[in-house]
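Written below as structure tokens is the structure these notes are about.
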Amino acid sequence: MSDIKEFMTQDHRDCDEIFIEMENAVASKSDEALTRFETFQDALTNHFKMEEMVLFPMFEQKTGMREGPTQVMVMEHEQMRELLSKMQDAAESKDNDKFFSLSETLMILMQQHNMKEEQMLYTMIQQHLGDDADHIISRMRSLVH
């Protein structure tokens, strides 16, 4: 049987690795900088999609908590999407100072966000939905692969 908390936490780590690769490509002014940014943007938005389209609605349905922690996480996703949009503009115009200012803000937001999910929300989700973990993880994977 799979574990939702482990699966989602590993996806955080995967996004973190891609984030580092992206920053390294931008810092070195690599020809791949924009491609690396797009790879990171896809990974992060796919993570949001798994949560917003599968995990959070199932948790809300099971618990009745529709205005609780999942809503806070979705609001934070929106903040991160706005930063990604600004980062894309900076990457396309090769404005590295602006890009790194935005990426630093994003990194801090992601760290705080991921900590809340990993230490609180994913534990709650695992407790309530753990019996259906294999099915839920399969549904989330089908959204992005």
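Just remember, in the structure tokens the first chain shown is A, the second B, etc., residues are 1-based per chain, and ligands are 1-based in the order shown.
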Closest pair table for segment 40-136 of chain A residues within 8 Å of segment 14-34 of chain A, only C-alpha atoms, as JSON lines:
{"residue": "A:Phe40", "atom": "CA", "partner": "A:Ile18", "partner_atom": "CA", "distance": 5.6}
{"residue": "A:Ala43", "atom": "CA", "partner": "A:Cys15", "partner_atom": "CA", "distance": 6.1}
{"residue": "A:Leu44", "atom": "CA", "partner": "A:Cys15", "partner_atom": "CA", "distance": 6.2}
{"residue": "A:Gln88", "atom": "CA", "partner": "A:Leu34", "partner_atom": "CA", "distance": 7.9}
{"residue": "A:Ala91", "atom": "CA", "partner": "A:Leu34", "partner_atom": "CA", "distance": 6.1}
{"residue": "A:Glu92", "atom": "CA", "partner": "A:Leu34", "partner_atom": "CA", "distance": 6.8}
{"residue": "A:Asn96", "atom": "CA", "partner": "A:Val26", "partner_atom": "CA", "distance": 7.1}
{"residue": "A:Phe100", "atom": "CA", "partner": "A:Glu23", "partner_atom": "CA", "distance": 7.9}
Dump of all heavy atoms for the selected residues, as a PDB file, in the first residue's frame:
ATOM      1  N   PHE A  40      10.676  23.618 -14.475  1.00  0.00           N
ATOM      2  CA  PHE A  40      10.311  23.843 -13.075  1.00  0.00           C
ATOM      3  C   PHE A  40       8.861  24.288 -12.962  1.00  0.00           C
ATOM      4  O   PHE A  40       8.103  23.779 -12.128  1.00  0.00           O
ATOM      5  CB  PHE A  40      11.231  24.879 -12.416  1.00  0.00           C
ATOM      6  CG  PHE A  40      10.734  25.306 -11.072  1.00  0.00           C
ATOM      7  CD1 PHE A  40      10.791  24.435  -9.989  1.00  0.00           C
ATOM      8  CD2 PHE A  40      10.163  26.551 -10.885  1.00  0.00           C
ATOM      9  CE1 PHE A  40      10.293  24.797  -8.749  1.00  0.00           C
ATOM     10  CE2 PHE A  40       9.666  26.929  -9.643  1.00  0.00           C
ATOM     11  CZ  PHE A  40       9.732  26.050  -8.574  1.00  0.00           C
ATOM     12  N   ALA A  43       6.598  21.354 -13.352  1.00  0.00           N
ATOM     13  CA  ALA A  43       6.630  20.462 -12.190  1.00  0.00           C
ATOM     14  C   ALA A  43       5.819  21.044 -11.038  1.00  0.00           C
ATOM     15  O   ALA A  43       5.036  20.325 -10.401  1.00  0.00           O
ATOM     16  CB  ALA A  43       8.069  20.206 -11.752  1.00  0.00           C
ATOM     17  N   LEU A  44       6.000  22.324 -10.773  1.00  0.00           N
ATOM     18  CA  LEU A  44       5.291  22.942  -9.649  1.00  0.00           C
ATOM     19  C   LEU A  44       3.798  23.048  -9.929  1.00  0.00           C
ATOM     20  O   LEU A  44       2.975  22.722  -9.062  1.00  0.00           O
ATOM     21  CB  LEU A  44       5.884  24.323  -9.341  1.00  0.00           C
ATOM     22  CG  LEU A  44       5.396  24.972  -8.051  1.00  0.00           C
ATOM     23  CD1 LEU A  44       5.726  24.105  -6.830  1.00  0.00           C
ATOM     24  CD2 LEU A  44       6.016  26.369  -7.889  1.00  0.00           C
ATOM     25  N   GLN A  88       8.811  34.227 -15.250  1.00  0.00           N
ATOM     26  CA  GLN A  88       8.870  33.914 -16.674  1.00  0.00           C
ATOM     27  C   GLN A  88       9.190  35.166 -17.480  1.00  0.00           C
ATOM     28  O   GLN A  88      10.030  35.137 -18.376  1.00  0.00           O
ATOM     29  CB  GLN A  88       7.560  33.298 -17.154  1.00  0.00           C
ATOM     30  CG  GLN A  88       7.614  32.905 -18.620  1.00  0.00           C
ATOM     31  CD  GLN A  88       6.437  32.061 -19.048  1.00  0.00           C
ATOM     32  OE1 GLN A  88       5.461  31.906 -18.326  1.00  0.00           O
ATOM     33  NE2 GLN A  88       6.522  31.507 -20.232  1.00  0.00           N
ATOM     34  N   ALA A  91      12.819  35.901 -16.978  1.00  0.00           N
ATOM     35  CA  ALA A  91      13.661  34.935 -17.691  1.00  0.00           C
ATOM     36  C   ALA A  91      13.669  35.225 -19.188  1.00  0.00           C
ATOM     37  O   ALA A  91      14.725  35.178 -19.834  1.00  0.00           O
ATOM     38  CB  ALA A  91      13.179  33.515 -17.424  1.00  0.00           C
ATOM     39  N   GLU A  92      12.500  35.535 -19.734  1.00  0.00           N
ATOM     40  CA  GLU A  92      12.411  35.819 -21.170  1.00  0.00           C
ATOM     41  C   GLU A  92      13.174  37.078 -21.544  1.00  0.00           C
ATOM     42  O   GLU A  92      13.757  37.155 -22.623  1.00  0.00           O
ATOM     43  CB  GLU A  92      10.942  35.918 -21.599  1.00  0.00           C
ATOM     44  CG  GLU A  92      10.240  34.575 -21.601  1.00  0.00           C
ATOM     45  CD  GLU A  92       8.739  34.664 -21.822  1.00  0.00           C
ATOM     46  OE1 GLU A  92       8.173  35.792 -21.813  1.00  0.00           O
ATOM     47  OE2 GLU A  92       8.109  33.600 -22.002  1.00  0.00           O
ATOM     48  N   ASN A  96      18.277  38.945 -14.963  1.00  0.00           N
ATOM     49  CA  ASN A  96      18.654  38.021 -13.898  1.00  0.00           C
ATOM     50  C   ASN A  96      18.461  38.596 -12.502  1.00  0.00           C
ATOM     51  O   ASN A  96      18.106  37.862 -11.579  1.00  0.00           O
ATOM     52  CB  ASN A  96      20.089  37.535 -14.083  1.00  0.00           C
ATOM     53  CG  ASN A  96      20.198  36.469 -15.144  1.00  0.00           C
ATOM     54  OD1 ASN A  96      19.261  36.236 -15.912  1.00  0.00           O
ATOM     55  ND2 ASN A  96      21.339  35.816 -15.213  1.00  0.00           N
ATOM     56  N   PHE A 100      16.185  36.565  -9.924  1.00  0.00           N
ATOM     57  CA  PHE A 100      16.655  36.006  -8.658  1.00  0.00           C
ATOM     58  C   PHE A 100      15.970  36.633  -7.444  1.00  0.00           C
ATOM     59  O   PHE A 100      15.800  35.968  -6.429  1.00  0.00           O
ATOM     60  CB  PHE A 100      18.176  36.070  -8.549  1.00  0.00           C
ATOM     61  CG  PHE A 100      18.838  34.981  -9.344  1.00  0.00           C
ATOM     62  CD1 PHE A 100      19.534  35.274 -10.495  1.00  0.00           C
ATOM     63  CD2 PHE A 100      18.722  33.658  -8.958  1.00  0.00           C
ATOM     64  CE1 PHE A 100      20.125  34.268 -11.239  1.00  0.00           C
ATOM     65  CE2 PHE A 100      19.298  32.641  -9.697  1.00  0.00           C
ATOM     66  CZ  PHE A 100      20.002  32.949 -10.844  1.00  0.00           C
TER      67      PHE A 100
END
Tell me, as a ChimeraX atom specification, which residues lie within 12 Å of Met65 of chain A, counting only C-alpha atoms; anything in the same chain fewer than 6 positions away does not count.
/A:56-59,71-72,121,124-125,128
For all heavy atoms, I'd like the residues from the last selection saved as a CSV table (one decimal), in the first residue's frame.
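Saved file selection.csv follows:
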chain,number,residue,atom,x,y,z
A,56,PHE,N,-7.1,17.5,-2.4
A,56,PHE,CA,-7.9,18.4,-1.6
A,56,PHE,C,-9.4,18.2,-1.7
A,56,PHE,O,-10.0,18.1,-0.6
A,56,PHE,CB,-7.5,19.9,-1.8
A,56,PHE,CG,-6.1,20.3,-1.5
A,56,PHE,CD1,-5.6,21.5,-1.8
A,56,PHE,CD2,-5.2,19.4,-0.8
A,56,PHE,CE1,-4.3,21.9,-1.5
A,56,PHE,CE2,-3.9,19.8,-0.5
A,56,PHE,CZ,-3.5,21.1,-0.8
A,57,PRO,N,-9.9,18.1,-2.9
A,57,PRO,CA,-11.4,17.8,-2.9
A,57,PRO,C,-11.8,16.5,-2.2
A,57,PRO,O,-12.8,16.5,-1.5
A,57,PRO,CB,-11.7,17.7,-4.4
A,57,PRO,CG,-10.6,18.5,-5.1
A,57,PRO,CD,-9.4,18.3,-4.2
A,58,MET,N,-11.0,15.5,-2.3
A,58,MET,CA,-11.3,14.2,-1.6
A,58,MET,C,-11.2,14.4,-0.1
A,58,MET,O,-12.1,13.9,0.6
A,58,MET,CB,-10.4,13.1,-2.1
A,58,MET,CG,-10.7,12.7,-3.6
A,58,MET,SD,-9.7,11.4,-4.1
A,58,MET,CE,-10.6,10.0,-3.5
A,59,PHE,N,-10.2,15.1,0.3
A,59,PHE,CA,-10.1,15.4,1.8
A,59,PHE,C,-11.3,16.2,2.3
A,59,PHE,O,-11.9,15.9,3.3
A,59,PHE,CB,-8.8,16.1,2.0
A,59,PHE,CG,-8.6,16.5,3.5
A,59,PHE,CD1,-8.3,15.5,4.5
A,59,PHE,CD2,-8.7,17.8,3.8
A,59,PHE,CE1,-8.1,15.9,5.8
A,59,PHE,CE2,-8.5,18.2,5.2
A,59,PHE,CZ,-8.2,17.2,6.1
A,71,GLN,N,-8.0,25.5,1.8
A,71,GLN,CA,-8.2,26.8,1.2
A,71,GLN,C,-7.0,27.7,1.4
A,71,GLN,O,-6.6,28.4,0.5
A,71,GLN,CB,-9.4,27.4,1.8
A,71,GLN,CG,-10.7,26.8,1.4
A,71,GLN,CD,-10.8,26.7,-0.2
A,71,GLN,OE1,-10.8,25.6,-0.7
A,71,GLN,NE2,-11.0,27.8,-0.8
A,72,VAL,N,-6.3,27.6,2.5
A,72,VAL,CA,-5.1,28.4,2.7
A,72,VAL,C,-4.0,27.9,1.7
A,72,VAL,O,-3.3,28.7,1.1
A,72,VAL,CB,-4.6,28.2,4.2
A,72,VAL,CG1,-3.2,28.9,4.4
A,72,VAL,CG2,-5.6,28.8,5.2
A,121,LEU,N,-0.9,19.0,7.1
A,121,LEU,CA,-2.0,18.7,6.2
A,121,LEU,C,-1.8,17.2,5.6
A,121,LEU,O,-2.8,16.5,5.6
A,121,LEU,CB,-2.1,19.7,5.0
A,121,LEU,CG,-3.2,19.5,4.1
A,121,LEU,CD1,-4.6,19.5,4.8
A,121,LEU,CD2,-3.3,20.5,3.0
A,124,MET,N,-2.9,14.7,8.2
A,124,MET,CA,-4.3,14.6,8.3
A,124,MET,C,-4.9,13.9,7.1
A,124,MET,O,-5.8,13.1,7.3
A,124,MET,CB,-4.9,16.1,8.4
A,124,MET,CG,-4.6,16.8,9.6
A,124,MET,SD,-5.0,18.6,9.6
A,124,MET,CE,-6.7,18.5,9.3
A,125,ILE,N,-4.4,14.2,5.9
A,125,ILE,CA,-5.0,13.6,4.7
A,125,ILE,C,-4.7,12.1,4.8
A,125,ILE,O,-5.6,11.2,4.5
A,125,ILE,CB,-4.4,14.2,3.4
A,125,ILE,CG1,-5.0,15.6,3.3
A,125,ILE,CG2,-4.6,13.3,2.2
A,125,ILE,CD1,-4.3,16.4,2.2
A,128,HIS,N,-7.2,10.3,7.1
A,128,HIS,CA,-8.5,10.2,6.6
A,128,HIS,C,-8.7,9.5,5.3
A,128,HIS,O,-9.7,8.9,5.0
A,128,HIS,CB,-9.1,11.6,6.4
A,128,HIS,CG,-9.4,12.3,7.7
A,128,HIS,ND1,-10.5,12.1,8.4
A,128,HIS,CD2,-8.7,13.3,8.4
A,128,HIS,CE1,-10.5,12.8,9.5
A,128,HIS,NE2,-9.4,13.5,9.5
List every residue of segment 89-129 of chain A that has an atom at most 9 Å from any atom of segment 1-7 of chain A, and for each one report the closest atom pair and its distance in Å to one decimal, counting only C-alpha atoms, with rows sorted by chain and then by increasing residue number, as a Markdown table.
| residue | atom | partner | partner_atom | distance |
| --- | --- | --- | --- | --- |
| A:Glu117 | CA | A:Lys5 | CA | 8.9 |
| A:Glu118 | CA | A:Lys5 | CA | 7.0 |
| A:Leu121 | CA | A:Lys5 | CA | 8.8 |
| A:Tyr122 | CA | A:Lys5 | CA | 5.0 |
| A:Thr123 | CA | A:Lys5 | CA | 6.4 |
| A:Ile125 | CA | A:Ile4 | CA | 7.6 |
| A:Gln126 | CA | A:Ile4 | CA | 5.9 |
| A:Leu129 | CA | A:Ile4 | CA | 8.3 |
Selection above as a file: N, CA and C atoms, as a PDB file, in the first residue's frame:
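Written file, again.pdb:
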ATOM      1  N   GLU A 117       2.333  21.709   4.737  1.00  0.00           N
ATOM      2  CA  GLU A 117       1.721  20.515   4.157  1.00  0.00           C
ATOM      3  C   GLU A 117       2.320  19.246   4.757  1.00  0.00           C
ATOM      4  N   GLU A 118       3.632  19.185   4.815  1.00  0.00           N
ATOM      5  CA  GLU A 118       4.304  17.962   5.260  1.00  0.00           C
ATOM      6  C   GLU A 118       4.106  17.686   6.745  1.00  0.00           C
ATOM      7  N   LEU A 121      -0.874  19.030   7.090  1.00  0.00           N
ATOM      8  CA  LEU A 121      -1.961  18.666   6.185  1.00  0.00           C
ATOM      9  C   LEU A 121      -1.825  17.248   5.634  1.00  0.00           C
ATOM     10  N   TYR A 122      -0.650  16.867   5.155  1.00  0.00           N
ATOM     11  CA  TYR A 122      -0.505  15.521   4.596  1.00  0.00           C
ATOM     12  C   TYR A 122      -0.736  14.443   5.648  1.00  0.00           C
ATOM     13  N   THR A 123      -0.374  14.730   6.880  1.00  0.00           N
ATOM     14  CA  THR A 123      -0.631  13.772   7.967  1.00  0.00           C
ATOM     15  C   THR A 123      -2.132  13.595   8.159  1.00  0.00           C
ATOM     16  N   ILE A 125      -4.448  14.204   5.912  1.00  0.00           N
ATOM     17  CA  ILE A 125      -4.974  13.551   4.716  1.00  0.00           C
ATOM     18  C   ILE A 125      -4.710  12.054   4.778  1.00  0.00           C
ATOM     19  N   GLN A 126      -3.515  11.667   5.175  1.00  0.00           N
ATOM     20  CA  GLN A 126      -3.177  10.245   5.265  1.00  0.00           C
ATOM     21  C   GLN A 126      -4.087   9.534   6.267  1.00  0.00           C
ATOM     22  N   LEU A 129      -7.657   9.487   4.437  1.00  0.00           N
ATOM     23  CA  LEU A 129      -7.769   8.885   3.109  1.00  0.00           C
ATOM     24  C   LEU A 129      -6.795   7.740   2.875  1.00  0.00           C
TER      25      LEU A 129
END
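The closest residue to Gln10 of chain A, picked from A:Asn114, A:Thr70, A:Ser85, A:Val54 and counting only C-alpha atoms, is A:Asn114.
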Item to complete: Would you please extract all alpha helix (DSSP H) residues from segment 13-120 of chain A, as assigned by DSSP on the backbone, and give them as a ChimeraX atom specification?
Response: /A:13-27,33-50,56-63,69-92,96-116
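In terms of minimum interatomic distance to Glu52 of chain A, A:Val74 ranks closest within A:Arg66, A:Val74, A:Ile137, A:Phe37, counting only C-alpha atoms.
Among the candidate residues A:Thr39, A:Gln79, A:Thr9, A:Gln127, the one lying nearest to Leu109 of chain A is A:Gln79, with distances computed using only C-alpha atoms.
Separating atom CA of Arg141 of chain A from atom CA of Asp42 of chain A is a distance of 13.9 Å.
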